[in-house]
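Asks: Pasting target05.cif below, which is mmCIF, C-alpha atoms and all ligand atoms.
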```
data_model
loop_
_atom_site.label_atom_id
_atom_site.label_comp_id
_atom_site.auth_asym_id
_atom_site.auth_seq_id
_atom_site.Cartn_x
_atom_site.Cartn_y
_atom_site.Cartn_z
CA MET A 1 0.00 0.00 0.00
CA ASN A 2 1.50 3.36 -0.99
CA LEU A 3 1.48 6.47 1.20
CA LYS A 4 -1.55 8.00 -0.54
CA GLU A 5 -3.55 4.82 0.03
CA THR A 6 -2.45 4.58 3.68
CA ILE A 7 -3.65 8.14 4.34
CA CYS A 8 -6.91 7.52 2.49
CA LYS A 9 -7.53 4.32 4.48
CA ASN A 10 -7.38 6.22 7.75
CA LEU A 11 -9.91 8.86 6.73
CA PRO A 12 -13.57 8.33 7.63
CA GLY A 13 -15.05 6.14 4.90
CA GLY A 14 -11.61 5.88 3.26
CA GLN A 15 -11.62 2.07 3.30
CA GLN A 16 -14.79 2.08 1.18
CA VAL A 17 -13.24 4.53 -1.26
CA LEU A 18 -10.17 2.30 -1.62
CA GLU A 19 -12.35 -0.75 -2.17
CA SER A 20 -14.29 1.14 -4.83
CA ILE A 21 -11.07 2.13 -6.58
CA LYS A 22 -9.81 -1.47 -6.41
CA ALA A 23 -13.08 -2.84 -7.81
CA ARG A 24 -13.04 -0.35 -10.65
CA ARG A 25 -9.43 -1.13 -11.48
CA LEU A 26 -10.36 -4.80 -11.67
CA GLU A 27 -13.15 -3.87 -14.08
CA GLY A 28 -10.45 -2.33 -16.27
CA ASN A 29 -11.36 1.29 -15.52
CA ASN A 30 -8.70 3.96 -15.42
CA PHE A 31 -9.67 5.66 -12.20
CA ARG A 32 -7.64 8.78 -12.93
CA LEU A 33 -9.59 9.46 -16.10
CA GLU A 34 -12.92 9.05 -14.40
CA ARG A 35 -13.21 12.34 -12.66
CA ASN A 36 -16.98 12.19 -12.50
CA ARG A 37 -16.76 8.93 -10.55
CA THR A 38 -14.27 10.51 -8.16
CA THR A 39 -16.80 13.27 -7.54
CA GLU A 40 -19.50 10.65 -7.05
CA ILE A 41 -17.42 8.94 -4.35
CA THR A 42 -16.46 12.23 -2.70
CA ASN A 43 -20.13 13.20 -2.61
CA ARG A 44 -20.95 9.98 -0.80
CA ILE A 45 -18.61 11.00 1.99
CA HIS A 46 -19.58 14.70 1.92
CA PRO A 47 -23.12 14.87 0.53
CA GLY A 48 -23.74 18.35 1.99
CA SER A 49 -27.26 17.63 3.12
CA LEU A 50 -29.19 14.48 4.03
CA ASN A 51 -32.81 13.41 3.71
CA LEU A 52 -33.71 11.44 6.81
CA ILE A 53 -36.78 9.55 8.00
CA ILE A 54 -37.66 8.76 11.64
CA SER A 55 -37.78 4.96 11.78
CA GLU A 56 -38.22 4.52 15.53
CA ILE A 57 -38.75 6.60 18.68
CA ILE A 58 -37.40 5.24 21.95
CA GLU A 59 -38.30 6.63 25.38
CA VAL A 60 -35.12 7.44 27.34
CA THR A 61 -36.54 9.27 30.37
CA ASN A 62 -39.89 10.98 31.06
CA GLU A 63 -38.59 14.06 29.26
CA ALA A 64 -36.20 12.66 26.65
CA LYS A 65 -36.48 10.44 23.59
CA THR A 66 -34.10 8.87 21.10
CA PHE A 67 -35.08 9.38 17.45
CA ARG A 68 -33.66 6.75 15.10
CA LEU A 69 -32.99 8.23 11.67
CA VAL A 70 -32.56 6.27 8.46
CA SER A 71 -31.63 7.62 5.05
CA LYS A 72 -34.33 8.29 2.49
CA ASP A 73 -31.66 7.97 -0.22
CA GLY A 74 -30.25 4.70 1.06
CA TYR A 75 -26.89 5.93 2.31
CA LEU A 76 -25.61 7.59 5.49
CA PRO A 77 -22.09 9.04 5.37
CA PRO A 78 -19.47 8.10 7.96
CA PHE A 79 -18.89 10.27 11.02
CA GLN A 80 -16.61 10.59 14.01
CA ALA A 81 -18.11 9.70 17.41
CA GLY A 82 -18.86 13.07 19.02
CA GLN A 83 -20.06 14.83 15.86
CA TYR A 84 -23.55 16.27 15.36
CA LEU A 85 -26.22 16.70 12.70
CA ASN A 86 -27.85 20.08 12.16
CA ILE A 87 -31.51 19.07 11.84
CA PHE A 88 -33.90 21.42 10.03
CA ALA A 89 -37.56 21.62 10.99
CA GLU A 90 -40.49 23.80 10.08
CA ILE A 91 -42.35 24.70 13.25
CA GLU A 92 -45.41 26.96 13.25
CA GLY A 93 -44.42 28.32 9.84
CA VAL A 94 -40.82 29.06 10.84
CA ARG A 95 -37.96 27.06 9.37
CA THR A 96 -35.20 26.66 11.92
CA SER A 97 -32.56 24.10 12.84
CA ARG A 98 -30.68 22.68 15.80
CA PRO A 99 -27.30 20.94 16.01
CA ILE A 100 -27.88 17.63 17.82
CA SER A 101 -25.14 15.15 18.69
CA ILE A 102 -25.33 11.66 17.27
CA SER A 103 -25.57 9.21 20.16
CA SER A 104 -25.17 5.94 18.24
CA SER A 105 -21.84 4.34 17.38
CA PRO A 106 -20.17 5.22 14.07
CA ARG A 107 -19.28 1.51 13.72
CA GLN A 108 -22.69 0.92 12.15
CA ARG A 109 -24.38 3.26 9.69
CA ALA A 110 -27.75 1.63 9.14
CA TYR A 111 -29.09 4.54 11.20
CA TYR A 112 -28.10 7.56 13.28
CA ASP A 113 -29.60 8.01 16.74
CA ILE A 114 -30.17 11.46 18.17
CA THR A 115 -31.46 11.93 21.70
CA ILE A 116 -33.42 15.04 22.61
CA ALA A 117 -34.43 16.27 26.07
CA ARG A 118 -37.03 18.88 26.83
CA ILE A 119 -35.59 22.26 27.74
CA THR A 120 -37.54 25.05 29.39
CA THR A 121 -37.57 27.55 26.54
CA GLY A 122 -37.00 25.03 23.78
CA PHE A 123 -39.73 25.19 21.18
CA VAL A 124 -37.70 22.78 19.01
CA SER A 125 -37.40 20.24 21.84
CA ASP A 126 -41.15 20.55 22.57
CA PHE A 127 -41.86 19.99 18.88
CA PHE A 128 -39.73 16.82 18.75
CA LEU A 129 -41.00 15.35 22.01
CA ASP A 130 -44.69 16.16 21.48
CA LYS A 131 -45.31 16.20 17.74
CA VAL A 132 -42.75 14.17 15.81
CA LYS A 133 -43.77 10.61 14.86
CA VAL A 134 -42.35 7.60 13.04
CA GLY A 135 -42.28 8.25 9.29
CA ASP A 136 -41.70 12.01 9.56
CA GLU A 137 -38.99 13.33 7.24
CA PHE A 138 -36.27 15.85 7.98
CA GLU A 139 -33.46 17.52 6.14
CA ALA A 140 -30.13 17.60 7.98
CA SER A 141 -26.55 18.66 7.43
CA GLU A 142 -23.99 15.94 6.97
CA PRO A 143 -22.24 15.01 10.28
CA ALA A 144 -20.10 17.93 11.43
CA GLY A 145 -18.15 19.30 14.39
CA ASN A 146 -14.73 19.03 16.00
CA PHE A 147 -15.69 17.48 19.31
CA TYR A 148 -14.18 14.05 18.78
CA HIS A 149 -11.25 12.08 20.03
CA ASN A 150 -8.09 12.00 17.96
CA PRO A 151 -5.83 9.24 19.33
CA VAL A 152 -2.72 10.82 17.81
CA PHE A 153 -3.13 14.10 19.71
CA HIS A 154 -5.35 13.12 22.64
CA GLY A 155 -3.83 9.83 23.85
CA ASP A 156 -5.47 6.71 25.19
CA GLU A 157 -6.81 7.91 28.54
CA VAL A 158 -9.88 10.12 28.52
CA VAL A 159 -12.18 11.60 31.14
CA PHE A 160 -15.66 12.64 30.04
CA LEU A 161 -17.46 15.22 32.21
CA ALA A 162 -21.10 15.26 31.14
CA GLY A 163 -24.15 17.17 32.34
CA GLY A 164 -27.76 16.31 31.43
CA SER A 165 -28.25 15.78 27.70
CA GLY A 166 -24.55 16.62 27.18
CA VAL A 167 -23.87 12.92 27.65
CA THR A 168 -25.01 12.08 24.10
CA PRO A 169 -21.70 12.62 22.21
CA PHE A 170 -19.99 10.58 24.93
CA ALA A 171 -22.55 7.78 24.47
CA SER A 172 -21.44 7.56 20.84
CA MET A 173 -17.74 7.52 21.79
CA ILE A 174 -18.24 4.92 24.56
CA ARG A 175 -20.37 2.66 22.35
CA GLU A 176 -17.74 2.81 19.62
CA VAL A 177 -14.73 2.12 21.85
CA LEU A 178 -16.32 -0.72 23.82
CA SER A 179 -18.02 -2.45 20.89
CA ALA A 180 -14.86 -2.36 18.78
CA GLY A 181 -12.52 -3.45 21.59
CA ILE A 182 -10.38 -0.30 21.22
CA LYS A 183 -7.76 -0.03 23.95
CA ARG A 184 -8.75 3.29 25.50
CA GLN A 185 -9.31 3.97 29.19
CA ILE A 186 -12.54 5.93 29.73
CA HIS A 187 -13.92 7.57 32.86
CA LEU A 188 -17.44 8.99 32.53
CA LEU A 189 -18.57 11.34 35.30
CA TYR A 190 -22.19 12.14 34.60
CA GLY A 191 -23.92 14.95 36.50
CA VAL A 192 -27.72 15.07 36.66
CA LYS A 193 -30.27 16.78 38.88
CA THR A 194 -32.18 13.62 39.79
CA GLU A 195 -31.32 9.96 39.25
CA ASP A 196 -34.25 9.31 36.92
CA ALA A 197 -33.14 12.15 34.60
CA ALA A 198 -29.96 10.22 33.63
CA PHE A 199 -29.79 8.99 30.03
CA PHE A 200 -28.64 5.40 29.31
CA LYS A 201 -27.90 4.72 33.02
CA GLU A 202 -28.57 0.96 32.93
CA GLU A 203 -26.55 0.57 29.73
CA PHE A 204 -23.55 2.46 31.19
CA GLU A 205 -23.73 0.40 34.40
CA LEU A 206 -23.74 -2.86 32.44
CA LEU A 207 -20.88 -1.71 30.21
CA ALA A 208 -18.83 -0.69 33.25
CA LYS A 209 -19.36 -4.14 34.78
CA SER A 210 -18.23 -5.94 31.65
CA HIS A 211 -15.35 -3.67 30.53
CA LYS A 212 -12.29 -2.98 32.67
CA ASN A 213 -11.43 0.09 30.59
CA PHE A 214 -14.71 1.89 31.35
CA VAL A 215 -15.58 3.49 34.70
CA PHE A 216 -19.00 5.09 35.13
CA THR A 217 -19.82 7.50 37.97
CA LEU A 218 -23.23 9.10 38.32
CA VAL A 219 -23.26 12.34 40.35
CA VAL A 220 -26.73 13.50 41.44
CA SER A 221 -27.19 17.09 42.64
CA GLU A 222 -30.71 16.71 44.11
CA PRO A 223 -30.89 13.07 45.25
CA THR A 224 -33.98 11.42 46.70
CA GLU A 225 -33.76 9.80 50.14
CA SER A 226 -33.49 6.33 48.62
CA TYR A 227 -30.48 7.26 46.44
CA THR A 228 -27.27 5.72 47.73
CA GLY A 229 -24.78 6.81 45.08
CA ARG A 230 -22.53 9.85 44.79
CA ALA A 231 -24.31 13.17 45.44
CA GLY A 232 -23.30 16.78 44.71
CA PHE A 233 -21.50 18.17 41.68
CA ILE A 234 -18.55 17.15 39.51
CA SER A 235 -16.09 18.92 41.80
CA ALA A 236 -12.28 18.77 41.93
CA ASP A 237 -12.50 16.35 44.89
CA THR A 238 -14.89 14.03 43.04
CA ILE A 239 -12.75 14.05 39.89
CA LYS A 240 -9.57 13.35 41.87
CA GLU A 241 -11.21 10.59 43.90
CA VAL A 242 -12.76 8.83 40.89
CA VAL A 243 -10.01 9.28 38.32
CA GLY A 244 -6.92 9.12 40.56
CA ASP A 245 -3.78 10.03 38.66
CA LEU A 246 -4.66 12.90 36.30
CA ASP A 247 -1.40 12.98 34.35
CA ASN A 248 -1.63 12.42 30.59
CA LYS A 249 -5.41 12.31 30.63
CA MET A 250 -7.54 14.27 28.18
CA PHE A 251 -10.68 15.91 29.60
CA TYR A 252 -13.86 16.47 27.59
CA ILE A 253 -16.76 18.59 28.85
CA CYS A 254 -20.28 18.69 27.44
CA GLY A 255 -23.39 19.93 29.20
CA PRO A 256 -25.29 23.09 30.09
CA GLN A 257 -23.33 26.34 29.79
CA VAL A 258 -23.04 26.77 33.56
CA MET A 259 -21.10 23.51 33.73
CA TYR A 260 -18.22 24.84 31.60
CA GLY A 261 -17.42 27.58 34.07
CA PHE A 262 -17.78 25.26 37.06
CA CYS A 263 -15.86 22.25 35.72
CA GLY A 264 -13.28 24.56 34.14
CA SER A 265 -12.41 26.09 37.50
CA GLU A 266 -12.44 22.66 39.23
CA LEU A 267 -9.96 21.36 36.63
CA ASP A 268 -7.95 24.51 37.21
CA LYS A 269 -7.72 23.65 40.92
CA LEU A 270 -6.38 20.25 39.88
CA LYS A 271 -3.80 22.00 37.66
CA VAL A 272 -5.04 20.36 34.47
CA ALA A 273 -3.47 22.29 31.57
CA ALA A 274 -5.93 24.09 29.25
CA ARG A 275 -4.55 22.13 26.28
CA ARG A 276 -5.81 18.93 27.93
CA ILE A 277 -9.41 20.19 28.12
CA ARG A 278 -11.85 20.11 25.20
CA HIS A 279 -15.47 21.17 25.21
CA GLU A 280 -18.44 21.06 22.90
CA MET A 281 -19.35 24.49 21.55
CA PHE A 282 -23.08 24.44 20.99
CA CYS A 283 -24.48 24.92 24.44
CA GLY A 284 -24.95 28.69 24.45
CA ARG A 285 -26.65 30.32 27.41
CA GLN A 286 -30.24 31.50 27.20
CA ASP A 287 -29.63 34.52 29.46
CA ILE A 288 -27.19 36.35 27.20
CA GLN A 289 -27.52 39.50 29.32
CA ASN A 290 -25.50 37.73 32.04
CA GLU A 291 -22.58 37.08 29.70
CA PRO A 292 -19.42 39.09 30.57
CA GLY A 293 -19.24 42.25 28.45
CA TRP A 294 -23.02 42.66 27.94
CA PRO A 295 -23.79 46.43 27.90
CA GLU A 296 -24.73 47.58 31.38
CA GLY A 297 -28.41 48.41 31.81
CA LEU A 298 -29.47 47.08 28.39
CA SER A 299 -32.60 44.94 28.66
CA PRO A 300 -32.61 41.77 26.54
CA ASP A 301 -36.20 42.72 25.61
CA GLN A 302 -35.24 46.03 24.02
CA VAL A 303 -36.20 45.93 20.34
CA PHE A 304 -34.03 47.28 17.52
CA ASP A 305 -34.45 47.71 13.76
CA VAL A 306 -32.45 45.36 11.56
CA LYS A 307 -32.28 46.76 8.05
CA ILE A 308 -31.29 44.22 5.42
CA ILE A 309 -29.53 46.03 2.58
CA GLY A 310 -31.66 45.61 -0.55
CA GLY A 311 -34.50 44.03 1.45
CA LEU A 312 -36.78 44.33 4.46
CA THR A 313 -36.35 46.01 7.79
CA ILE A 314 -37.24 43.62 10.60
CA LYS A 315 -37.47 43.95 14.37
CA ALA A 316 -35.16 42.01 16.68
CA ARG A 317 -34.80 41.79 20.46
CA ALA A 318 -31.39 42.47 21.96
CA GLY A 319 -31.54 39.09 23.73
CA GLU A 320 -32.15 37.18 20.50
CA ASN A 321 -29.38 36.47 18.01
CA LEU A 322 -29.73 37.81 14.46
CA LEU A 323 -29.96 34.32 12.98
CA ILE A 324 -33.15 33.59 14.95
CA ALA A 325 -34.56 37.04 14.12
CA LEU A 326 -33.97 36.35 10.41
CA GLU A 327 -35.45 32.83 10.64
CA ARG A 328 -38.58 34.20 12.33
CA HIS A 329 -39.12 36.29 9.19
CA ASN A 330 -38.42 33.30 6.96
CA ILE A 331 -35.18 34.78 5.69
CA ARG A 332 -32.73 31.95 5.06
CA VAL A 333 -29.06 32.08 6.02
CA ASN A 334 -26.68 29.13 5.64
CA VAL A 335 -26.28 27.48 9.00
CA CYS A 336 -24.73 24.46 10.70
CA CYS A 337 -23.27 24.67 14.22
CA ARG A 338 -25.28 27.64 15.63
CA SER A 339 -22.40 28.15 18.05
CA GLY A 340 -20.04 30.54 16.28
CA GLU A 341 -17.70 27.77 15.19
CA CYS A 342 -18.33 26.86 11.53
CA SER A 343 -18.64 30.35 9.92
CA LEU A 344 -21.52 29.26 7.66
CA CYS A 345 -23.92 31.90 8.99
CA ARG A 346 -21.58 34.84 8.23
CA ILE A 347 -23.25 38.12 7.33
CA GLN A 348 -21.79 41.60 6.95
CA LEU A 349 -22.49 44.25 9.55
CA VAL A 350 -22.73 47.48 7.58
CA SER A 351 -23.61 49.81 10.46
CA GLY A 352 -24.63 49.64 14.11
CA LYS A 353 -23.40 47.44 16.93
CA VAL A 354 -23.83 43.81 17.93
CA PHE A 355 -22.71 41.92 21.02
CA SER A 356 -20.87 38.62 20.49
CA PRO A 357 -19.95 36.51 23.51
CA LYS A 358 -16.36 35.54 24.21
CA GLY A 359 -15.19 32.41 22.44
CA VAL A 360 -16.82 33.02 19.05
CA LEU A 361 -14.26 31.95 16.47
CA LEU A 362 -14.24 34.86 14.05
CA ARG A 363 -11.51 34.79 11.40
CA HIS A 364 -9.16 37.73 11.39
CA ALA A 365 -10.13 38.67 7.82
CA ASP A 366 -13.86 38.52 8.70
CA GLU A 367 -13.30 40.81 11.65
CA LYS A 368 -11.34 43.24 9.50
CA TYR A 369 -14.07 43.50 6.85
CA GLY A 370 -17.01 43.66 9.25
CA TYR A 371 -18.35 40.10 8.97
CA ILE A 372 -20.11 38.58 11.96
CA HIS A 373 -21.55 35.18 12.83
CA SER A 374 -25.29 35.82 12.90
CA CYS A 375 -25.84 32.87 15.27
CA LYS A 376 -23.75 34.64 17.91
CA ALA A 377 -24.49 38.30 17.17
CA PHE A 378 -27.03 40.12 19.35
CA PRO A 379 -28.19 43.59 18.22
CA ILE A 380 -27.41 46.29 20.78
CA SER A 381 -28.39 49.21 18.51
CA ASN A 382 -30.28 49.59 15.23
CA VAL A 383 -28.18 47.78 12.64
CA GLU A 384 -27.81 47.46 8.88
CA ILE A 385 -26.69 44.10 7.55
CA MET A 386 -25.83 42.57 4.17
CA LEU A 387 -26.72 38.91 3.60
S1 LIG B 401 -23.92 28.50 12.21
FE1 LIG B 401 -21.84 27.99 12.53
S2 LIG B 401 -20.94 29.92 13.01
FE2 LIG B 401 -23.06 30.34 12.92
#
```
The structure in this file should be written as structure tokens.

Replies:
Amino acid sequence: MNLKETICKNLPGGQQVLESIKARRLEGNNFRLERNRTTEITNRIHPGSLNLIISEIIEVTNEAKTFRLVSKDGYLPPFQAGQYLNIFAEIEGVRTSRPISISSSPRQRAYYDITIARITTGFVSDFFLDKVKVGDEFEASEPAGNFYHNPVFHGDEVVFLAGGSGVTPFASMIREVLSAGIKRQIHLLYGVKTEDAAFFKEEFELLAKSHKNFVFTLVVSEPTESYTGRAGFISADTIKEVVGDLDNKMFYICGPQVMYGFCGSELDKLKVAARRIRHEMFCGRQDIQNEPGWPEGLSPDQVFDVKIIGGLTIKARAGENLLIALERHNIRVNVCCRSGECSLCRIQLVSGKVFSPKGVLLRHADEKYGYIHSCKAFPISNVEIML
């Protein structure tokens, strides 16, 4: 196998591409001359968007369900455990989308599982839990995101710190590692409010019993009297006690926004270097006015004019990002992560001011020429934008 083939083999779906090339060579085809077939194969791995059908709905807790998605076109592209799909839905006449982690293992691609929990102000989660049924169809992005384990850079010992529905990308990683017999040591510390709100608890307990390389610790913040497990939060003491030696371990955090600040400072107390901590991006806070740097005294309910150059002028609340304001008026913007990471929702700010929370990954050139990520830009004056 030459170097090009070795690299290709290690890419997601690369083995299939190599097998396709081999089969076509055997048929007598000159692969290099068949550029259209190369495109066809590339498109299988990166189809851009997917047409999915709900094939099954599985109850996970009283307020969470797993939706099993199969392909309408007969093919699901490969993904890395930890990645997400951006699922589009039309709800009450408004087309919107949400990035949702895949919770099934990438070792099988007959279906993707996504698990959704109800959130207080989540009209998308209410829609999925109350209205969606088997047979419904959805458009989705191809699998995307950078929250996955890379054994070359991240080593073989990982600690997952999960909160609530933030356990779903870890479920995919755990299912992959344990089903494939990969030699990776995993600690999962899973924080939930009450014991019955935990996703996949029985499955994790069984896996921990049957696999020496997987340790599962549930941490309940508001336990009932009958609960006998570990109570409280995922504190420095708990991490140290459960994990032991912290050297050379890679830490992953996924959960509600408040957890990042808390677990971040607990890991700081344990002197875990920032380069050994990774976190999922798309868990933005609802109360943007409490984000550091928010203009003092500005109410999130204050309404501003958003003038679209060459188009309408719409109204937007300061506490609502421009992407949502545009979607509410059925104005489409390209979108994927909704967390300021992928740059797809870029628009140009022609005049006025927006607030963007810390951590939004804006390219230097975008910043220089006035581009903003609409999913993380909150109007704090009347603004003019160019789509
Ligand atoms: S949708 Fe990815 S940066 Fe806005």

Asks: Expressed in Å to a single decimal, how great is the separation between CA of Val219 (chain A) and CA of Leu246 (chain A)?

Replies: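 For CA of Val219 (chain A) relative to CA of Leu246 (chain A), the distance reads 19.0 Å.
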
Asks: Within 7 Å of ligand LIG 401 (chain B), which residues show up when you count all atoms listed in the file? List them as a VMD selection string, please.

Replies: chain A and resid 335 to 346 373 to 376

Asks: With only C-alpha atoms as the basis for distance, which of A:Asp113, A:Glu320, A:Glu291, A:Glu195 is at the shortest distance from Ala231 (chain A)?

Replies: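 Answer, going by the shortest atom-to-atom distance: A:Glu195.
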
Asks: When you count all atoms listed in the file, which of these residues is closest to Glu63 (chain A): A:Gly164, A:Gly293, A:Gly181, A:Pro78?

Replies: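 Under the stated criterion, the closest residue is A:Gly164.
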
Asks: Calculated over all atoms listed in the file, which of the candidates A:Leu189, A:Val158, A:Ile53, A:Met259 has the smallest distance to Asn213 (chain A)?

Replies: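 For Asn213 (chain A), the nearest of the given residues is A:Val158.
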
Asks: What's the 6 Å shell around Gly82 (chain A), counting only C-alpha atoms, without same-chain residues fewer than 3 positions away, as a PyMOL selection string?

Replies: chain A and resi 147-148+169

Asks: Write the residues you've just listed into a file as a PDB file, keeping the file's coordinate frame, and include C-alpha atoms for each of them.

Replies:
```pdb
ATOM      1  CA  PHE A 147     -15.690  17.480  19.310  1.00  0.00           C
ATOM      2  CA  TYR A 148     -14.180  14.050  18.780  1.00  0.00           C
ATOM      3  CA  PRO A 169     -21.700  12.620  22.210  1.00  0.00           C
TER       4      PRO A 169
END
```

Asks: Using all atoms listed in the file, which residues sit within 8 Å of Gly48 (chain A) once same-chain residues fewer than 2 positions away are excluded, as a count of residues only?

Replies: 5

Asks: So that I can check the surroundings of Lys193 (chain A), please list as a list of chain:residue names every protein, DNA and RNA residue that reaches within 6 Å of it, counting only C-alpha atoms and ignoring chain neighbours fewer than 4 positions away.

Replies: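 Returned residues: A:Val220, A:Ser221, A:Glu222.
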
Asks: What does the structure give for the distance between CA of Lys368 (chain A) and CA of Leu349 (chain A), in Å to one decimal?

Replies: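 Atom-to-atom, CA of Lys368 (chain A) to CA of Leu349 (chain A), that is 11.2 Å.
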
Asks: Find, counting only C-alpha atoms, the residue in A:Glu19, A:Glu241, A:Glu56, A:Glu280 that gets nearest to Tyr260 (chain A).

Replies: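 Distance minimum relative to Tyr260 (chain A) lands on A:Glu280.
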
Asks: Given the choices A:Val192, A:Ala89, A:Ala208, A:Leu322, which gets closest to Pro379 (chain A) if the distance is worked out from all atoms listed in the file?

Replies: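 When distances to Pro379 (chain A) are compared using all atoms listed in the file, the smallest one comes from A:Leu322.
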
Asks: So which residues touch region 66-69 of chain A within 12 Å, counting only C-alpha atoms, skipping near sequence neighbours fewer than 5 positions away, as a count of residues only?

Replies: 48

Asks: Select all residues near (-14.8, 18.2, 27.7) (cut-off 8 Å, inclusive, file coordinates), counting all atoms listed in the file, and output them as a ChimeraX atom specification.

Replies: /A:159-162,251-254,277-280

Asks: Output C-alpha atoms for every residue in the selection just made, as an mmCIF file, in the coordinates of the input.

Replies:
```
data_model
loop_
_atom_site.group_PDB
_atom_site.id
_atom_site.type_symbol
_atom_site.label_atom_id
_atom_site.label_comp_id
_atom_site.auth_asym_id
_atom_site.auth_seq_id
_atom_site.Cartn_x
_atom_site.Cartn_y
_atom_site.Cartn_z
ATOM 1 C CA VAL A 159 -12.180 11.600 31.140
ATOM 2 C CA PHE A 160 -15.660 12.640 30.040
ATOM 3 C CA LEU A 161 -17.460 15.220 32.210
ATOM 4 C CA ALA A 162 -21.100 15.260 31.140
ATOM 5 C CA PHE A 251 -10.680 15.910 29.600
ATOM 6 C CA TYR A 252 -13.860 16.470 27.590
ATOM 7 C CA ILE A 253 -16.760 18.590 28.850
ATOM 8 C CA CYS A 254 -20.280 18.690 27.440
ATOM 9 C CA ILE A 277 -9.410 20.190 28.120
ATOM 10 C CA ARG A 278 -11.850 20.110 25.200
ATOM 11 C CA HIS A 279 -15.470 21.170 25.210
ATOM 12 C CA GLU A 280 -18.440 21.060 22.900
#
```
